[in-house]
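Novice: Have a look at the structure that comes next, please.
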Amino acid sequence: MRGTFGRKFRKIEECEDYVKSKFLVCFERNTLCAVDIRIFLILSTSPGKQQRIYRPPGAMGPQFIPADSNDEQDRLLNELFMPPFRKGYVRVGPNKVLLPLYYLDYAGRIEDMEVRDSDVWIVSHPKAGTTWTQEMAWVINQDFDFEGAKVPLPERFPFLDHTPLFDYTDILPNLPELQLPLFVSDSVTYINEMKSPRYIKTHLPWELLPKQIREGTKKPKIIYVARNAKDTCVSYYHHCKILEGYSGSFDNYCKLFLGGSLCFAPFWPHVLNFWKRRDEPNILFLKYEDLKKDLPAVIRKTAAFLGKDLNEEQVDLLAEHLSFARMKSNPAVNYEAAIEINRRFNLTTADGHFMRSGQVGNYKEVMGPELIAEFDRWTQENLAKSELTF
Ligand code: PPS
């Protein structure tokens with residue numbers, strides 16, 4: 001029997017226990033606060049279907065997406081975005097952030113993790129210029145240790161939510177050659193065990209960051225980087241094809257982006273929740289467009305934020321190291337190795353590069369006038385009450 005979430009169960013009771021345990025972890029840890037507490041469990045049994053709905057009293061929890069949902073967004077997700085390492089999706093928290101089902105295995109540990117004041121965090125919506133900002137912050141904070149920068153970025157600047165994105169539990173037994181390093185197989189443990197100063201990347205929105213950050217009991221340095229929605233969407237589309245197994249068209253992808261149904265969406269609450277905190281002393285808000293316009297200026301600003309004095313020679317040296325051409329050919333940051341592993345093990349099949357166009361306005365090459373107008377309307381509506389512009 002195959003349950004809604006793609007796991008195999010011998011008995012209905014096993015499937016029920018699985019879903020209850022997923023829910024309870026989040027509830028007990030108080031990590032999830034969606035108002036809608038329904039947990040749908042639709043077991044696809046042959047020949048008929050049986051539906052059970054759990055409503056734990058007074059509890060709040062994640063919204064599971066049923067495999068046979070009639071909602072258009074859910075249907076697109078279920079049909080077009082279910083690679084071997086994705087068992088399903090949940091919507092979490094007040095903004096109903098979409099995440100893989102596997103995230104629930106890690107939600108409690110992320111919520112309760114020990115943050116350190118000496119940490120440097122880069123937070124972003126996917127494809128906003130995260131890697132670029134990571135490399136900049138790392139080199140500055142490590143006093144220009146270009147030798148150390150040859151170590152692959154995911155190792156020295158791991159991605160907290162990496163493991164929750166890729167559930168390899170059913171895949172690994174069939175692929176003994178696929179050896180995963182700890183920062184992939186358990187990114188949370190890897191980060192917990194790192195020496196200080198730690199460098200941590202995350203795409204989790206503000207409301208899903210560890211409690212110690214949200215409550216301000218720990219004050220790591222946090223750099224948030226944002227990018228205009230249209231370029232972010234195009235970049236994310238290519239990323240999802242080459243690295244996350246999206247199999248649909250660009251048009252359908254845009255529907256999912258606008259509808260808040262891609263991992264870490266909805267987009268605007270993600271950006272605005274940091275924009276409104278931009279003046280807090282431990283938060284620096286950057287824009288991809290500004291890195292493109294005047295990289296040396298952003299390098300100086302970031303160095304000041306990290307408490308480092310740079311001379312102009314260093315600024316120029318770093319700007320050169322961070323140029324698109326240099327990063328594209330730098331194996332420590334260009335993710336070619338990860339793409340190669342996906343291809344080798346047939347986890348995704350699409351061609352392409354992580355360092356793709358590196359441009360502002362690249363969306364014009366793929367979006368027609370109507371789609372552009374729709375994105376612009378949506379952007380204006382969401383930014384109307386803020387002073388943020390792109
Ligand atoms: S991820 O997967 O979310 O961490 O991706 P992220 O690093 O946020 O975004 C990748 C996009 O950033 C571009 N990039 C750069 N642009 C200009 N200069 C430099 N040095 C640079 N480094 C990365 C990268 O090419 C992706 O954008 P697109 O538009 O797809 O080219």
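Ligands are numbered from 1 in the order shown, residues from 1 within each chain, and chains are lettered A, B, ... in the order they appear in the structure tokens.
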Using only C-alpha atoms and all ligand atoms, what are the residues with an atom within 8 Å of ligand 1, set out as a JSON list (two decimals) with N, CA, C and O atoms, in the first residue's frame?
Specialist:
```
[["chain", "number", "residue", "atom", "x", "y", "z"],
["A", 124, "SER", "N", 18.18, 33.93, 2.48],
["A", 124, "SER", "CA", 17.67, 34.43, 1.19],
["A", 124, "SER", "C", 16.55, 33.54, 0.70],
["A", 124, "SER", "O", 16.46, 32.36, 1.07],
["A", 125, "HIS", "N", 15.73, 34.10, -0.17],
["A", 125, "HIS", "CA", 14.86, 33.25, -0.99],
["A", 125, "HIS", "C", 15.79, 32.59, -2.02],
["A", 125, "HIS", "O", 16.76, 33.24, -2.46],
["A", 126, "PRO", "N", 15.52, 31.34, -2.42],
["A", 126, "PRO", "CA", 16.40, 30.72, -3.41],
["A", 126, "PRO", "C", 16.61, 31.61, -4.64],
["A", 126, "PRO", "O", 15.69, 32.30, -5.08],
["A", 127, "LYS", "N", 17.83, 31.60, -5.13],
["A", 127, "LYS", "CA", 18.27, 32.25, -6.38],
["A", 127, "LYS", "C", 18.37, 33.77, -6.31],
["A", 127, "LYS", "O", 18.33, 34.46, -7.33],
["A", 128, "ALA", "N", 18.52, 34.29, -5.11],
["A", 128, "ALA", "CA", 18.61, 35.75, -4.94],
["A", 128, "ALA", "C", 20.05, 36.26, -4.99],
["A", 128, "ALA", "O", 20.28, 37.46, -4.89],
["A", 129, "GLY", "N", 21.02, 35.34, -5.13],
["A", 129, "GLY", "CA", 22.42, 35.77, -5.07],
["A", 129, "GLY", "C", 23.10, 35.26, -3.79],
["A", 129, "GLY", "O", 24.10, 35.83, -3.32],
["A", 130, "THR", "N", 22.56, 34.18, -3.27],
["A", 130, "THR", "CA", 23.04, 33.59, -2.03],
["A", 130, "THR", "C", 24.52, 33.22, -2.11],
["A", 130, "THR", "O", 25.34, 33.60, -1.25],
["A", 131, "THR", "N", 24.87, 32.46, -3.15],
["A", 131, "THR", "CA", 26.23, 31.94, -3.29],
["A", 131, "THR", "C", 27.24, 33.09, -3.41],
["A", 131, "THR", "O", 28.31, 33.07, -2.80],
["A", 132, "TRP", "N", 26.85, 34.08, -4.17],
["A", 132, "TRP", "CA", 27.69, 35.27, -4.37],
["A", 132, "TRP", "C", 27.94, 35.96, -3.02],
["A", 132, "TRP", "O", 29.08, 36.28, -2.66],
["A", 133, "THR", "N", 26.87, 36.14, -2.27],
["A", 133, "THR", "CA", 26.97, 36.80, -0.97],
["A", 133, "THR", "C", 27.74, 35.94, 0.03],
["A", 133, "THR", "O", 28.54, 36.45, 0.84],
["A", 203, "HIS", "N", 17.57, 29.10, 3.41],
["A", 203, "HIS", "CA", 16.48, 29.74, 2.66],
["A", 203, "HIS", "C", 15.22, 29.81, 3.51],
["A", 203, "HIS", "O", 14.17, 30.22, 3.03],
["A", 231, "ASP", "N", 13.59, 37.86, -12.27],
["A", 231, "ASP", "CA", 14.87, 37.15, -12.46],
["A", 231, "ASP", "C", 15.00, 35.99, -11.47],
["A", 231, "ASP", "O", 15.54, 34.93, -11.81],
["A", 232, "THR", "N", 14.49, 36.19, -10.26],
["A", 232, "THR", "CA", 14.54, 35.10, -9.28],
["A", 232, "THR", "C", 13.76, 33.90, -9.81],
["A", 232, "THR", "O", 14.24, 32.75, -9.75],
["A", 234, "VAL", "N", 12.99, 33.07, -12.94],
["A", 234, "VAL", "CA", 13.65, 32.41, -14.08],
["A", 234, "VAL", "C", 14.84, 31.56, -13.60],
["A", 234, "VAL", "O", 15.02, 30.41, -14.00],
["A", 235, "SER", "N", 15.61, 32.15, -12.70],
["A", 235, "SER", "CA", 16.78, 31.44, -12.18],
["A", 235, "SER", "C", 16.36, 30.19, -11.40],
["A", 235, "SER", "O", 16.96, 29.11, -11.53],
["A", 236, "TYR", "N", 15.28, 30.34, -10.64],
["A", 236, "TYR", "CA", 14.79, 29.21, -9.81],
["A", 236, "TYR", "C", 14.25, 28.09, -10.71],
["A", 236, "TYR", "O", 14.41, 26.91, -10.41],
["A", 238, "HIS", "N", 15.34, 27.26, -13.72],
["A", 238, "HIS", "CA", 16.47, 26.47, -14.23],
["A", 238, "HIS", "C", 17.07, 25.61, -13.12],
["A", 238, "HIS", "O", 17.41, 24.45, -13.33],
["A", 239, "HIS", "N", 17.19, 26.20, -11.96],
["A", 239, "HIS", "CA", 17.74, 25.47, -10.81],
["A", 239, "HIS", "C", 16.89, 24.22, -10.53],
["A", 239, "HIS", "O", 17.41, 23.12, -10.32],
["A", 288, "TYR", "N", 20.66, 41.88, -4.90],
["A", 288, "TYR", "CA", 21.47, 41.35, -6.02],
["A", 288, "TYR", "C", 21.77, 42.46, -7.01],
["A", 288, "TYR", "O", 22.90, 42.60, -7.50],
["A", 291, "LEU", "N", 24.67, 44.50, -6.00],
["A", 291, "LEU", "CA", 25.96, 43.80, -6.20],
["A", 291, "LEU", "C", 26.38, 43.94, -7.66],
["A", 291, "LEU", "O", 27.55, 44.10, -7.98],
["A", 292, "LYS", "N", 25.38, 43.85, -8.55],
["A", 292, "LYS", "CA", 25.68, 43.98, -9.97],
["A", 292, "LYS", "C", 26.11, 45.41, -10.32],
["A", 292, "LYS", "O", 27.02, 45.62, -11.10],
["A", 322, "LEU", "N", 35.11, 37.76, -7.10],
["A", 322, "LEU", "CA", 33.65, 37.57, -7.11],
["A", 322, "LEU", "C", 33.01, 37.85, -8.46],
["A", 322, "LEU", "O", 31.78, 37.79, -8.58],
["A", 323, "SER", "N", 33.82, 38.15, -9.47],
["A", 323, "SER", "CA", 33.24, 38.44, -10.79],
["A", 323, "SER", "C", 32.54, 37.16, -11.28],
["A", 323, "SER", "O", 32.90, 36.04, -10.90],
["A", 324, "PHE", "N", 31.54, 37.35, -12.13],
["A", 324, "PHE", "CA", 30.77, 36.20, -12.61],
["A", 324, "PHE", "C", 31.69, 35.20, -13.32],
["A", 324, "PHE", "O", 31.61, 34.00, -13.07],
["A", 325, "ALA", "N", 32.59, 35.72, -14.16],
["A", 325, "ALA", "CA", 33.47, 34.82, -14.92],
["A", 325, "ALA", "C", 34.33, 33.98, -13.98],
["A", 325, "ALA", "O", 34.49, 32.77, -14.17],
["A", 326, "ARG", "N", 34.86, 34.63, -12.93],
["A", 326, "ARG", "CA", 35.72, 33.88, -11.99],
["A", 326, "ARG", "C", 34.91, 32.87, -11.19],
["A", 326, "ARG", "O", 35.35, 31.74, -10.96],
["A", 327, "MET", "N", 33.71, 33.28, -10.76],
["A", 327, "MET", "CA", 32.91, 32.33, -9.97],
["A", 327, "MET", "C", 32.41, 31.17, -10.83],
["A", 327, "MET", "O", 32.30, 30.05, -10.36],
["A", 328, "LYS", "N", 32.10, 31.47, -12.07],
["A", 328, "LYS", "CA", 31.62, 30.40, -12.96],
["A", 328, "LYS", "C", 32.67, 29.32, -13.17],
["A", 328, "LYS", "O", 32.36, 28.13, -13.31],
["A", 334, "ASN", "N", 30.90, 26.72, -7.94],
["A", 334, "ASN", "CA", 30.00, 26.69, -9.10],
["A", 334, "ASN", "C", 29.04, 25.50, -9.14],
["A", 334, "ASN", "O", 28.26, 25.36, -10.09],
["A", 354, "PHE", "N", 24.70, 25.98, -12.88],
["A", 354, "PHE", "CA", 24.27, 26.79, -11.73],
["A", 354, "PHE", "C", 24.61, 28.26, -12.01],
["A", 354, "PHE", "O", 23.79, 29.15, -11.83],
["A", 355, "MET", "N", 25.84, 28.52, -12.44],
["A", 355, "MET", "CA", 26.24, 29.87, -12.82],
["A", 355, "MET", "C", 25.76, 30.06, -14.26],
["A", 355, "MET", "O", 26.44, 29.68, -15.22],
["A", 356, "ARG", "N", 24.59, 30.61, -14.43],
["A", 356, "ARG", "CA", 23.87, 30.55, -15.70],
["A", 356, "ARG", "C", 24.02, 31.84, -16.51],
["A", 356, "ARG", "O", 24.77, 31.89, -17.47],
["A", 357, "SER", "N", 23.30, 32.90, -16.08],
["A", 357, "SER", "CA", 23.43, 34.15, -16.86],
["A", 357, "SER", "C", 24.08, 35.25, -16.02],
["A", 357, "SER", "O", 24.79, 36.10, -16.55],
["A", 358, "GLY", "N", 23.79, 35.26, -14.74],
["A", 358, "GLY", "CA", 24.39, 36.26, -13.86],
["A", 358, "GLY", "C", 24.01, 37.68, -14.24],
["A", 358, "GLY", "O", 24.79, 38.60, -14.03],
["A", 359, "GLN", "N", 22.80, 37.86, -14.76],
["A", 359, "GLN", "CA", 22.38, 39.17, -15.25],
["A", 359, "GLN", "C", 21.18, 39.70, -14.50],
["A", 359, "GLN", "O", 20.41, 38.93, -13.93],
["A", 360, "VAL", "N", 21.01, 41.02, -14.58],
["A", 360, "VAL", "CA", 19.75, 41.63, -14.16],
["A", 360, "VAL", "C", 18.93, 41.81, -15.43],
["A", 360, "VAL", "O", 19.45, 42.31, -16.43],
["A", 362, "ASN", "N", 17.43, 39.30, -17.16],
["A", 362, "ASN", "CA", 17.48, 38.11, -18.02],
["A", 362, "ASN", "C", 16.06, 37.57, -18.31],
["A", 362, "ASN", "O", 15.81, 36.91, -19.31]]
```
Novice: With only C-alpha atoms counted and 12 Å as the cut-off, give the residues of segment 135-251 of chain A in contact with segment 295-312 of chain A, each with its shortest interatomic distance in Å and the pair that gives it, as CSV.
Specialist:
```
residue,atom,partner,partner_atom,distance
A:Glu135,CA,A:Ile299,CA,10.9
A:Met136,CA,A:Ile299,CA,7.2
A:Ala137,CA,A:Thr302,CA,7.1
A:Trp138,CA,A:Leu306,CA,10.2
A:Val139,CA,A:Ala303,CA,9.9
A:Ile140,CA,A:Ala303,CA,6.3
A:Asn141,CA,A:Leu306,CA,6.7
A:Gln142,CA,A:Lys308,CA,9.8
A:Asp143,CA,A:Lys308,CA,8.2
A:Phe144,CA,A:Leu310,CA,10.0
A:Pro220,CA,A:Leu306,CA,10.6
A:Lys221,CA,A:Leu306,CA,7.5
A:Ile222,CA,A:Phe305,CA,9.7
A:Ile223,CA,A:Thr302,CA,8.5
A:Tyr224,CA,A:Thr302,CA,11.2
A:Val225,CA,A:Val298,CA,11.4
```
Novice: Rank nothing, just name the residue among A:Asp251, A:Asp105, A:Glu365, A:Asp112 nearest to Leu76 of chain A, using only C-alpha atoms.
Specialist: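 Using only C-alpha atoms, Leu76 of chain A sits closest to A:Asp251.
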Novice: Would you mind writing down, as a short mmCIF file (atom, residue, chain, number, x, y, z; two decimals) with N, CA, C and O atoms, in the first residue's frame, each residue of segment 244-281 of chain A that DSSP on the backbone assigns to alpha helix (DSSP H)?
Specialist:
```cif
data_model
loop_
_atom_site.label_atom_id
_atom_site.label_comp_id
_atom_site.auth_asym_id
_atom_site.auth_seq_id
_atom_site.Cartn_x
_atom_site.Cartn_y
_atom_site.Cartn_z
N PHE A 250 7.84 26.19 -18.29
CA PHE A 250 8.13 27.46 -17.62
C PHE A 250 6.83 28.16 -17.20
O PHE A 250 6.74 28.73 -16.12
N ASP A 251 5.80 28.09 -18.05
CA ASP A 251 4.52 28.74 -17.72
C ASP A 251 3.94 28.18 -16.43
O ASP A 251 3.49 28.92 -15.55
N ASN A 252 3.93 26.88 -16.33
CA ASN A 252 3.39 26.27 -15.10
C ASN A 252 4.27 26.62 -13.89
O ASN A 252 3.78 26.80 -12.78
N TYR A 253 5.57 26.71 -14.14
CA TYR A 253 6.47 27.08 -13.04
C TYR A 253 6.12 28.48 -12.52
O TYR A 253 6.08 28.72 -11.31
N CYS A 254 5.84 29.39 -13.47
CA CYS A 254 5.49 30.76 -13.05
C CYS A 254 4.20 30.76 -12.25
O CYS A 254 4.06 31.53 -11.28
N LYS A 255 3.25 29.90 -12.61
CA LYS A 255 2.00 29.81 -11.82
C LYS A 255 2.33 29.39 -10.39
O LYS A 255 1.77 29.93 -9.44
N LEU A 256 3.24 28.44 -10.26
CA LEU A 256 3.61 27.98 -8.92
C LEU A 256 4.34 29.08 -8.16
O LEU A 256 4.12 29.29 -6.96
N PHE A 257 5.19 29.82 -8.86
CA PHE A 257 5.94 30.90 -8.21
C PHE A 257 4.98 31.98 -7.71
O PHE A 257 5.01 32.38 -6.55
N LEU A 258 4.08 32.41 -8.59
CA LEU A 258 3.13 33.48 -8.21
C LEU A 258 2.16 32.98 -7.14
O LEU A 258 1.70 33.76 -6.30
N PHE A 267 6.98 34.26 -1.87
CA PHE A 267 8.14 35.10 -2.11
C PHE A 267 8.13 36.40 -1.30
O PHE A 267 9.09 36.72 -0.61
N TRP A 268 7.05 37.17 -1.38
CA TRP A 268 7.09 38.52 -0.78
C TRP A 268 7.19 38.53 0.73
O TRP A 268 7.98 39.30 1.30
N PRO A 269 6.42 37.69 1.43
CA PRO A 269 6.61 37.67 2.89
C PRO A 269 8.05 37.32 3.27
O PRO A 269 8.59 37.83 4.25
N HIS A 270 8.69 36.47 2.47
CA HIS A 270 10.09 36.09 2.72
C HIS A 270 10.96 37.35 2.72
O HIS A 270 11.73 37.61 3.66
N VAL A 271 10.81 38.15 1.66
CA VAL A 271 11.64 39.35 1.51
C VAL A 271 11.24 40.42 2.54
O VAL A 271 12.10 40.99 3.23
N LEU A 272 9.94 40.65 2.65
CA LEU A 272 9.49 41.79 3.47
C LEU A 272 9.73 41.57 4.97
O LEU A 272 9.92 42.53 5.71
N ASN A 273 9.72 40.33 5.39
CA ASN A 273 9.98 40.06 6.81
C ASN A 273 11.40 40.42 7.21
O ASN A 273 11.70 40.65 8.38
N PHE A 274 12.31 40.44 6.25
CA PHE A 274 13.68 40.91 6.54
C PHE A 274 13.81 42.40 6.25
O PHE A 274 14.54 43.10 6.95
N TRP A 275 13.12 42.85 5.23
CA TRP A 275 13.17 44.28 4.90
C TRP A 275 12.76 45.11 6.12
O TRP A 275 13.38 46.11 6.45
#
```
Novice: Could you tell me how far atom CA of Tyr335 of chain A lies from atom CA of Pro158 of chain A, in Å and to one decimal?
Specialist: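 Here the two named atoms are 12.9 Å from each other.
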Novice: Would you mind writing down, as a ChimeraX atom specification, each residue of segment 96-164 of chain A that DSSP on the backbone assigns to strand (DSSP E)?
Specialist: /A:97-100,120-124
Novice: How far is it from atom CA of Glu313 of chain A to atom CA of Arg198 of chain A, in Å with one decimal?
Specialist: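 Straight-line distance from atom CA of Glu313 of chain A to atom CA of Arg198 of chain A works out to 26.6 Å.
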